[in-house]
$ cat final36.cif   # mmCIF, C-alpha atoms
data_final
loop_
_atom_site.group_PDB
_atom_site.id
_atom_site.type_symbol
_atom_site.label_atom_id
_atom_site.label_comp_id
_atom_site.auth_asym_id
_atom_site.auth_seq_id
_atom_site.Cartn_x
_atom_site.Cartn_y
_atom_site.Cartn_z
ATOM 1 C CA MET A 856 82.249 68.149 120.722
ATOM 2 C CA ASN A 857 80.266 65.625 122.764
ATOM 3 C CA LEU A 858 82.839 62.847 122.574
ATOM 4 C CA THR A 859 82.173 59.526 124.192
ATOM 5 C CA LEU A 860 84.472 58.725 127.103
ATOM 6 C CA THR A 861 86.363 56.205 124.980
ATOM 7 C CA GLU A 862 86.787 58.770 122.201
ATOM 8 C CA ALA A 863 88.082 61.385 124.645
ATOM 9 C CA ILE A 864 90.587 58.924 126.122
ATOM 10 C CA LYS A 865 91.871 57.888 122.705
ATOM 11 C CA ALA A 866 91.970 61.466 121.367
ATOM 12 C CA ARG A 867 93.787 62.963 124.343
ATOM 13 C CA LYS A 868 97.472 63.409 123.565
ATOM 14 C CA SER A 869 100.117 65.638 125.110
ATOM 15 C CA VAL A 870 100.443 68.738 122.923
ATOM 16 C CA LYS A 871 103.558 70.914 123.066
ATOM 17 C CA GLU A 872 102.490 73.953 121.021
ATOM 18 C CA PHE A 873 99.210 75.848 120.922
ATOM 19 C CA ASP A 874 97.547 78.625 118.945
ATOM 20 C CA PRO A 875 98.502 81.734 120.962
ATOM 21 C CA ASN A 876 95.455 83.611 119.667
ATOM 22 C CA VAL A 877 92.996 81.208 121.314
ATOM 23 C CA LYS A 878 91.731 82.234 124.738
ATOM 24 C CA ILE A 879 89.306 80.347 126.954
ATOM 25 C CA PRO A 880 86.433 82.372 128.446
ATOM 26 C CA HIS A 881 86.342 82.271 132.233
ATOM 27 C CA GLU A 882 82.829 80.851 132.167
ATOM 28 C CA GLU A 883 83.988 77.871 130.110
ATOM 29 C CA MET A 884 87.134 77.404 132.200
ATOM 30 C CA LEU A 885 85.034 77.318 135.364
ATOM 31 C CA GLU A 886 82.610 74.882 133.754
ATOM 32 C CA MET A 887 85.453 72.489 132.914
ATOM 33 C CA ILE A 888 87.037 72.735 136.362
ATOM 34 C CA LYS A 889 83.654 72.238 138.020
ATOM 35 C CA LEU A 890 83.261 68.965 136.127
ATOM 36 C CA ALA A 891 86.818 67.954 137.004
ATOM 37 C CA ALA A 892 85.946 68.503 140.661
ATOM 38 C CA GLU A 893 83.382 65.704 140.375
ATOM 39 C CA ALA A 894 86.360 63.349 140.735
ATOM 40 C CA PRO A 895 86.417 60.995 143.731
ATOM 41 C CA SER A 896 88.467 61.800 146.810
ATOM 42 C CA SER A 897 89.209 60.160 150.127
ATOM 43 C CA VAL A 898 86.151 60.608 152.384
ATOM 44 C CA ASN A 899 85.045 63.314 149.917
ATOM 45 C CA LEU A 900 87.458 65.949 151.228
ATOM 46 C CA GLN A 901 88.253 67.317 147.755
ATOM 47 C CA PRO A 902 91.806 68.579 148.418
ATOM 48 C CA TRP A 903 92.358 69.891 144.881
ATOM 49 C CA ARG A 904 92.809 73.582 144.165
ATOM 50 C CA PHE A 905 93.407 75.248 140.772
ATOM 51 C CA VAL A 906 95.318 78.408 139.881
ATOM 52 C CA VAL A 907 94.704 79.491 136.280
ATOM 53 C CA VAL A 908 97.748 81.339 134.939
ATOM 54 C CA GLU A 909 96.554 83.138 131.801
ATOM 55 C CA SER A 910 97.638 86.789 131.793
ATOM 56 C CA ASP A 911 100.877 87.875 130.165
ATOM 57 C CA GLU A 912 102.085 89.189 133.515
ATOM 58 C CA ALA A 913 101.378 85.957 135.375
ATOM 59 C CA LYS A 914 102.982 83.871 132.648
ATOM 60 C CA ALA A 915 106.066 86.114 132.644
ATOM 61 C CA SER A 916 106.439 85.629 136.394
ATOM 62 C CA ILE A 917 106.991 81.868 135.959
ATOM 63 C CA LYS A 918 108.679 81.810 132.543
ATOM 64 C CA ASP A 919 112.136 81.075 133.953
ATOM 65 C CA LEU A 920 110.757 78.448 136.337
ATOM 66 C CA VAL A 921 109.118 75.952 133.964
ATOM 67 C CA ARG A 922 112.389 74.556 132.623
ATOM 68 C CA PHE A 923 111.989 73.216 129.072
ATOM 69 C CA ASN A 924 108.254 73.924 128.897
ATOM 70 C CA THR A 925 108.362 77.595 127.864
ATOM 71 C CA ARG A 926 106.857 76.915 124.418
ATOM 72 C CA GLN A 927 103.746 75.484 126.036
ATOM 73 C CA LEU A 928 103.618 78.381 128.508
ATOM 74 C CA GLU A 929 103.925 81.075 125.858
ATOM 75 C CA THR A 930 101.431 79.619 123.369
ATOM 76 C CA SER A 931 98.780 78.047 125.622
ATOM 77 C CA ALA A 932 95.528 79.728 126.556
ATOM 78 C CA ALA A 933 96.429 79.008 130.170
ATOM 79 C CA PHE A 934 98.738 77.116 132.465
ATOM 80 C CA ILE A 935 96.600 75.548 135.182
ATOM 81 C CA LEU A 936 98.484 74.855 138.398
ATOM 82 C CA VAL A 937 96.884 71.923 140.220
ATOM 83 C CA LEU A 938 97.518 72.051 143.961
ATOM 84 C CA SER A 939 96.752 69.897 146.964
ATOM 85 C CA ASP A 940 95.677 71.689 150.149
ATOM 86 C CA ASN A 941 97.562 70.270 153.140
ATOM 87 C CA ARG A 942 94.762 71.553 155.356
ATOM 88 C CA HIS A 943 91.984 69.842 153.422
ATOM 89 C CA ALA A 944 90.986 67.805 156.496
ATOM 90 C CA GLU A 945 89.808 71.064 158.088
ATOM 91 C CA ASP A 946 86.946 71.106 155.572
ATOM 92 C CA LEU A 947 85.428 67.964 157.078
ATOM 93 C CA GLU A 948 82.554 69.604 158.969
ATOM 94 C CA LYS A 949 81.860 72.090 156.156
ATOM 95 C CA ILE A 950 81.551 69.369 153.516
ATOM 96 C CA TYR A 951 79.558 66.956 155.639
ATOM 97 C CA GLY A 952 77.314 69.755 156.902
ATOM 98 C CA LYS A 953 76.536 70.621 153.284
ATOM 99 C CA ASN A 954 75.652 66.969 152.673
ATOM 100 C CA VAL A 955 73.076 67.261 155.457
ATOM 101 C CA GLU A 956 71.693 70.524 154.044
ATOM 102 C CA LEU A 957 71.274 68.929 150.624
ATOM 103 C CA GLY A 958 69.579 65.851 152.037
ATOM 104 C CA TYR A 959 72.412 63.493 151.116
ATOM 105 C CA MET A 960 73.095 62.392 154.701
ATOM 106 C CA PRO A 961 71.134 62.294 157.978
ATOM 107 C CA GLU A 962 72.497 64.666 160.624
ATOM 108 C CA ASP A 963 73.116 61.889 163.161
ATOM 109 C CA VAL A 964 75.191 59.962 160.611
ATOM 110 C CA MET A 965 77.134 63.141 159.825
ATOM 111 C CA LYS A 966 77.955 63.738 163.488
ATOM 112 C CA THR A 967 79.086 60.144 164.011
ATOM 113 C CA ASN A 968 81.242 60.148 160.890
ATOM 114 C CA VAL A 969 82.797 63.530 161.620
ATOM 115 C CA ALA A 970 83.726 62.532 165.166
ATOM 116 C CA TYR A 971 85.259 59.264 163.956
ATOM 117 C CA MET A 972 87.243 60.860 161.158
ATOM 118 C CA LYS A 973 88.481 63.709 163.346
ATOM 119 C CA GLU A 974 89.975 61.110 165.653
ATOM 120 C CA LEU A 975 91.625 59.322 162.725
ATOM 121 C CA PHE A 976 93.035 62.542 161.312
ATOM 122 C CA SER A 977 94.435 63.575 164.687
ATOM 123 C CA GLN A 978 96.536 60.398 164.718
ATOM 124 C CA ALA A 979 97.556 60.429 161.045
ATOM 125 C CA PRO A 980 101.050 61.684 160.160
ATOM 126 C CA ALA A 981 101.054 64.926 158.183
ATOM 127 C CA GLU A 982 102.938 63.115 155.415
ATOM 128 C CA ALA A 983 100.130 60.576 155.035
ATOM 129 C CA LEU A 984 97.513 63.305 154.624
ATOM 130 C CA GLN A 985 99.748 65.075 152.098
ATOM 131 C CA ILE A 986 100.199 61.914 150.036
ATOM 132 C CA GLN A 987 96.458 61.266 150.093
ATOM 133 C CA GLY A 988 95.741 64.826 149.009
ATOM 134 C CA MET A 989 98.159 64.621 146.093
ATOM 135 C CA MET A 990 96.696 61.317 144.956
ATOM 136 C CA ASP A 991 93.201 62.790 144.956
ATOM 137 C CA ALA A 992 94.355 65.946 143.152
ATOM 138 C CA ASN A 993 95.860 63.759 140.423
ATOM 139 C CA LEU A 994 92.439 62.182 139.863
ATOM 140 C CA ALA A 995 90.912 65.620 139.313
ATOM 141 C CA ALA A 996 93.795 66.611 137.009
ATOM 142 C CA MET A 997 93.303 63.587 134.764
ATOM 143 C CA GLN A 998 89.577 64.204 134.672
ATOM 144 C CA LEU A 999 90.195 67.839 133.695
ATOM 145 C CA MET A 1000 92.308 66.804 130.704
ATOM 146 C CA LEU A 1001 89.570 64.504 129.398
ATOM 147 C CA ILE A 1002 86.926 67.192 129.899
ATOM 148 C CA ALA A 1003 89.126 69.684 128.070
ATOM 149 C CA LYS A 1004 89.334 67.300 125.123
ATOM 150 C CA ASP A 1005 85.560 67.046 125.035
ATOM 151 C CA HIS A 1006 85.446 70.869 124.895
ATOM 152 C CA GLY A 1007 87.770 70.828 121.903
ATOM 153 C CA TYR A 1008 90.970 71.789 123.731
ATOM 154 C CA ASP A 1009 94.331 70.061 123.937
ATOM 155 C CA THR A 1010 96.443 69.685 127.059
ATOM 156 C CA ASN A 1011 99.890 68.821 128.293
ATOM 157 C CA PRO A 1012 100.499 67.691 131.891
ATOM 158 C CA ILE A 1013 103.775 69.134 133.158
ATOM 159 C CA GLY A 1014 105.783 68.084 136.197
ATOM 160 C CA GLY A 1015 109.068 69.713 135.251
ATOM 161 C CA PHE A 1016 109.135 73.072 137.040
ATOM 162 C CA GLU A 1017 110.726 74.752 140.043
ATOM 163 C CA ARG A 1018 108.043 74.024 142.575
ATOM 164 C CA ASP A 1019 108.963 76.268 145.500
ATOM 165 C CA GLU A 1020 109.855 79.163 143.227
ATOM 166 C CA VAL A 1021 106.590 78.884 141.285
ATOM 167 C CA LEU A 1022 104.613 79.110 144.516
ATOM 168 C CA ASP A 1023 106.585 82.194 145.482
ATOM 169 C CA ALA A 1024 106.089 83.802 142.072
ATOM 170 C CA LEU A 1025 102.320 83.271 142.250
ATOM 171 C CA SER A 1026 102.109 84.314 145.947
ATOM 172 C CA ILE A 1027 100.875 80.902 147.073
ATOM 173 C CA ASN A 1028 101.397 79.711 150.647
ATOM 174 C CA LYS A 1029 104.117 77.033 150.485
ATOM 175 C CA GLU A 1030 103.293 75.651 153.916
ATOM 176 C CA ARG A 1031 99.686 75.006 153.016
ATOM 177 C CA TYR A 1032 99.736 74.031 149.340
ATOM 178 C CA VAL A 1033 101.668 71.366 147.434
ATOM 179 C CA PRO A 1034 102.059 71.717 143.655
ATOM 180 C CA VAL A 1035 100.920 68.566 141.856
ATOM 181 C CA MET A 1036 101.349 69.547 138.204
ATOM 182 C CA PHE A 1037 100.766 72.226 135.624
ATOM 183 C CA ILE A 1038 98.303 71.533 132.828
ATOM 184 C CA ALA A 1039 98.890 73.545 129.656
ATOM 185 C CA ILE A 1040 95.603 73.998 127.821
ATOM 186 C CA GLY A 1041 94.659 75.496 124.473
ATOM 187 C CA LYS A 1042 94.173 74.664 120.802
ATOM 188 C CA GLY A 1043 97.017 72.554 119.473
ATOM 189 C CA VAL A 1044 98.616 73.715 116.221
ATOM 190 C CA LYS A 1045 100.515 70.543 115.407
ATOM 191 C CA ALA A 1046 99.318 66.963 115.327
ATOM 192 C CA PRO A 1047 100.582 65.230 118.469
ATOM 193 C CA HIS A 1048 102.902 62.264 118.194
ATOM 194 C CA ASP A 1049 101.488 58.830 118.881
ATOM 195 C CA SER A 1050 103.251 56.847 121.563
ATOM 196 C CA SER A 1051 103.480 53.155 122.291
ATOM 197 C CA ARG A 1052 102.004 51.421 125.307
ATOM 198 C CA HIS A 1053 102.890 48.217 127.116
ATOM 199 C CA GLU A 1054 101.036 45.126 125.986
ATOM 200 C CA ILE A 1055 98.170 44.439 128.356
ATOM 201 C CA GLU A 1056 99.705 41.104 129.395
ATOM 202 C CA GLU A 1057 102.754 43.000 130.655
ATOM 203 C CA ILE A 1058 100.883 45.172 133.113
ATOM 204 C CA VAL A 1059 98.031 43.081 134.527
ATOM 205 C CA ALA A 1060 97.962 40.139 136.914
ATOM 206 C CA PHE A 1061 94.826 38.589 138.338
ATOM 207 C CA ASN A 1062 94.667 37.522 141.964
ATOM 208 C CA GLY A 1063 98.337 37.985 142.786
ATOM 209 C CA GLY A 1064 100.243 34.726 142.784
ATOM 210 C CA ASN A 1065 103.171 34.469 140.449
ATOM 211 C CA ALA A 1066 103.163 37.797 138.640
ATOM 212 C CA GLU A 1067 106.328 37.071 136.678
ATOM 213 C CA GLY A 1068 106.746 39.544 133.868
ATOM 214 C CA ILE A 1069 104.649 42.128 135.724
ATOM 215 C CA ILE A 1070 106.684 42.534 138.877
ATOM 216 C CA GLY A 1071 110.333 42.087 137.987
ATOM 217 C CA GLN A 1072 112.219 39.483 139.944
#
$ encode --input "final36.cif" --output "structure tokens"
Amino acid sequence: MNLTLTEAIKARKSVKEFDPNVKIPHEEMLEMIKLAAEAPSSVNLQPWRFVVVESDEAKASIKDLVRFNTRQLETSAAFILVLSDNRHAEDLEKIYGKNVELGYMPEDVMKTNVAYMKELFSQAPAEALQIQGMMDANLAAMQLMLIAKDHGYDTNPIGGFERDEVLDALSINKERYVPVMFIAIGKGVKAPHDSSRHEIEEIVAFNGGNAEGIIGQ
């Protein structure tokens, strides 16, 4: 479709029902996810992971676990489970070594940075790394929905599901991975509803100070 970024943002709406006959070729799905993975992440550790649930069997395995979102599950081309890898910090040397191979970073800088960050990570609480990973995965998820719109697909971000049970049903390691959201994707069959937004004056304050009306007193 070649939408501008502004057009994609304005056109993206949460869609609850899709054309069940529309499937997305794996090549195109991978192309969209590859673009989504261009999102920024803390020290470039890229904690996001994606599980594409598209077969009838895989969808059936989670049908009773997605609460009131079964219509999206049954009609979408796919339900994409966005995960954060709790062990993403272990990829530090791999990612930075690749930067050296590609000429993006001198080797001496890589070694200094890796040593420094390893020390920081060793002192960081596991909860802090998990929160950071989920924040970064959310950035990739939002980017994926905009890319999908540019490809002519509609999406619906979904947080209402049985998280532990979904990981079990899809044979995903619950100790290592944290579910961030599902993204239903496909061709919408009904026009999405518009929804209101706060006035800009209600949500922005410059330079702190008295932010009355933005931060409730």
$ residues_around --input "final36.cif" --residues "A:Ala996" --least-positions-apart "3" --cutoff "9 Å" --atoms "all atoms listed in the file" --output "PyMOL selection string"
chain A and resi 891-892+894+903+937+991-993+999-1001+1012+1035-1036+1038
$ resolve_selection --input "final36.cif" --expression "the PyMOL selection byres ((chain A and resi 1011) around 8)" --output "ChimeraX atom specification"
/A:868-871,1009-1010,1012-1013,1038-1040
$ resolve_selection --input "final36.cif" --expression "the PyMOL selection byres ((chain A and resi 948) around 12)" --output "ChimeraX atom specification"
/A:898-900,943-947,949-956,962,965-973
$ closest_residue --input "final36.cif" --among "A:Gln927, A:Gln901, A:Asn1028, A:Gln998" --to "A:Ala863" --atoms "only C-alpha atoms"
A:Gln998
$ resolve_selection --input "final36.cif" --expression "the PyMOL selection byres ((chain A and resi 880) around 12)" --output "VMD selection string"
chain A and resid 877 to 879 881 to 887 907 909 932 to 933 1041
$ build_atoms --input "final36.cif" --residues "stretch 909-940 of chain A" --atoms "N, CA and C atoms" --output "PDB file, in the coordinates of the input"
ATOM      1  N   GLU A 909      96.945  82.825 133.178  1.00  0.00           N
ATOM      2  CA  GLU A 909      96.554  83.138 131.801  1.00  0.00           C
ATOM      3  C   GLU A 909      97.026  84.506 131.324  1.00  0.00           C
ATOM      4  N   SER A 910      97.234  85.451 132.225  1.00  0.00           N
ATOM      5  CA  SER A 910      97.638  86.789 131.793  1.00  0.00           C
ATOM      6  C   SER A 910      99.108  86.794 131.392  1.00  0.00           C
ATOM      7  N   ASP A 911      99.473  87.754 130.570  1.00  0.00           N
ATOM      8  CA  ASP A 911     100.877  87.875 130.165  1.00  0.00           C
ATOM      9  C   ASP A 911     101.774  88.097 131.372  1.00  0.00           C
ATOM     10  N   GLU A 912     101.279  88.886 132.329  1.00  0.00           N
ATOM     11  CA  GLU A 912     102.085  89.189 133.515  1.00  0.00           C
ATOM     12  C   GLU A 912     102.305  87.946 134.365  1.00  0.00           C
ATOM     13  N   ALA A 913     101.254  87.171 134.560  1.00  0.00           N
ATOM     14  CA  ALA A 913     101.378  85.957 135.375  1.00  0.00           C
ATOM     15  C   ALA A 913     102.274  84.937 134.696  1.00  0.00           C
ATOM     16  N   LYS A 914     102.119  84.801 133.384  1.00  0.00           N
ATOM     17  CA  LYS A 914     102.982  83.871 132.648  1.00  0.00           C
ATOM     18  C   LYS A 914     104.439  84.303 132.723  1.00  0.00           C
ATOM     19  N   ALA A 915     104.689  85.607 132.591  1.00  0.00           N
ATOM     20  CA  ALA A 915     106.066  86.114 132.644  1.00  0.00           C
ATOM     21  C   ALA A 915     106.707  85.833 133.999  1.00  0.00           C
ATOM     22  N   SER A 916     105.895  85.835 135.051  1.00  0.00           N
ATOM     23  CA  SER A 916     106.439  85.629 136.394  1.00  0.00           C
ATOM     24  C   SER A 916     106.977  84.222 136.611  1.00  0.00           C
ATOM     25  N   ILE A 917     106.531  83.256 135.790  1.00  0.00           N
ATOM     26  CA  ILE A 917     106.991  81.868 135.959  1.00  0.00           C
ATOM     27  C   ILE A 917     107.795  81.363 134.765  1.00  0.00           C
ATOM     28  N   LYS A 918     108.029  82.242 133.789  1.00  0.00           N
ATOM     29  CA  LYS A 918     108.679  81.810 132.543  1.00  0.00           C
ATOM     30  C   LYS A 918     110.006  81.120 132.793  1.00  0.00           C
ATOM     31  N   ASP A 919     110.813  81.643 133.700  1.00  0.00           N
ATOM     32  CA  ASP A 919     112.136  81.075 133.953  1.00  0.00           C
ATOM     33  C   ASP A 919     112.092  79.885 134.907  1.00  0.00           C
ATOM     34  N   LEU A 920     110.894  79.485 135.316  1.00  0.00           N
ATOM     35  CA  LEU A 920     110.757  78.448 136.337  1.00  0.00           C
ATOM     36  C   LEU A 920     110.147  77.157 135.799  1.00  0.00           C
ATOM     37  N   VAL A 921     109.791  77.142 134.518  1.00  0.00           N
ATOM     38  CA  VAL A 921     109.118  75.952 133.964  1.00  0.00           C
ATOM     39  C   VAL A 921     110.052  75.131 133.085  1.00  0.00           C
ATOM     40  N   ARG A 922     111.349  75.348 133.271  1.00  0.00           N
ATOM     41  CA  ARG A 922     112.389  74.556 132.623  1.00  0.00           C
ATOM     42  C   ARG A 922     112.209  74.539 131.108  1.00  0.00           C
ATOM     43  N   PHE A 923     112.056  73.343 130.527  1.00  0.00           N
ATOM     44  CA  PHE A 923     111.989  73.216 129.072  1.00  0.00           C
ATOM     45  C   PHE A 923     110.559  73.262 128.547  1.00  0.00           C
ATOM     46  N   ASN A 924     109.665  73.883 129.290  1.00  0.00           N
ATOM     47  CA  ASN A 924     108.254  73.924 128.897  1.00  0.00           C
ATOM     48  C   ASN A 924     107.791  75.334 128.538  1.00  0.00           C
ATOM     49  N   THR A 925     108.735  76.207 128.150  1.00  0.00           N
ATOM     50  CA  THR A 925     108.362  77.595 127.864  1.00  0.00           C
ATOM     51  C   THR A 925     107.497  77.722 126.610  1.00  0.00           C
ATOM     52  N   ARG A 926     107.683  76.843 125.634  1.00  0.00           N
ATOM     53  CA  ARG A 926     106.857  76.915 124.418  1.00  0.00           C
ATOM     54  C   ARG A 926     105.389  76.701 124.764  1.00  0.00           C
ATOM     55  N   GLN A 927     105.127  75.718 125.612  1.00  0.00           N
ATOM     56  CA  GLN A 927     103.746  75.484 126.036  1.00  0.00           C
ATOM     57  C   GLN A 927     103.214  76.686 126.814  1.00  0.00           C
ATOM     58  N   LEU A 928     104.047  77.236 127.694  1.00  0.00           N
ATOM     59  CA  LEU A 928     103.618  78.381 128.508  1.00  0.00           C
ATOM     60  C   LEU A 928     103.246  79.568 127.617  1.00  0.00           C
ATOM     61  N   GLU A 929     104.116  79.871 126.660  1.00  0.00           N
ATOM     62  CA  GLU A 929     103.925  81.075 125.858  1.00  0.00           C
ATOM     63  C   GLU A 929     102.771  80.961 124.872  1.00  0.00           C
ATOM     64  N   THR A 930     102.460  79.759 124.404  1.00  0.00           N
ATOM     65  CA  THR A 930     101.431  79.619 123.369  1.00  0.00           C
ATOM     66  C   THR A 930     100.078  79.154 123.903  1.00  0.00           C
ATOM     67  N   SER A 931     100.029  78.592 125.093  1.00  0.00           N
ATOM     68  CA  SER A 931      98.780  78.047 125.622  1.00  0.00           C
ATOM     69  C   SER A 931      97.801  79.154 125.991  1.00  0.00           C
ATOM     70  N   ALA A 932      96.532  78.800 126.036  1.00  0.00           N
ATOM     71  CA  ALA A 932      95.528  79.728 126.556  1.00  0.00           C
ATOM     72  C   ALA A 932      95.733  79.936 128.044  1.00  0.00           C
ATOM     73  N   ALA A 933      96.186  78.902 128.733  1.00  0.00           N
ATOM     74  CA  ALA A 933      96.429  79.008 130.170  1.00  0.00           C
ATOM     75  C   ALA A 933      97.319  77.868 130.636  1.00  0.00           C
ATOM     76  N   PHE A 934      98.026  78.129 131.700  1.00  0.00           N
ATOM     77  CA  PHE A 934      98.738  77.116 132.465  1.00  0.00           C
ATOM     78  C   PHE A 934      97.952  76.946 133.754  1.00  0.00           C
ATOM     79  N   ILE A 935      97.398  75.771 133.973  1.00  0.00           N
ATOM     80  CA  ILE A 935      96.600  75.548 135.182  1.00  0.00           C
ATOM     81  C   ILE A 935      97.473  74.822 136.207  1.00  0.00           C
ATOM     82  N   LEU A 936      97.720  75.472 137.328  1.00  0.00           N
ATOM     83  CA  LEU A 936      98.484  74.855 138.398  1.00  0.00           C
ATOM     84  C   LEU A 936      97.533  74.082 139.300  1.00  0.00           C
ATOM     85  N   VAL A 937      97.703  72.776 139.351  1.00  0.00           N
ATOM     86  CA  VAL A 937      96.884  71.923 140.220  1.00  0.00           C
ATOM     87  C   VAL A 937      97.624  71.774 141.543  1.00  0.00           C
ATOM     88  N   LEU A 938      96.940  72.094 142.620  1.00  0.00           N
ATOM     89  CA  LEU A 938      97.518  72.051 143.961  1.00  0.00           C
ATOM     90  C   LEU A 938      96.751  71.080 144.842  1.00  0.00           C
ATOM     91  N   SER A 939      97.429  70.610 145.885  1.00  0.00           N
ATOM     92  CA  SER A 939      96.752  69.897 146.964  1.00  0.00           C
ATOM     93  C   SER A 939      96.851  70.745 148.228  1.00  0.00           C
ATOM     94  N   ASP A 940      95.742  70.893 148.922  1.00  0.00           N
ATOM     95  CA  ASP A 940      95.677  71.689 150.149  1.00  0.00           C
ATOM     96  C   ASP A 940      96.032  70.797 151.341  1.00  0.00           C
TER      97      ASP A 940
END
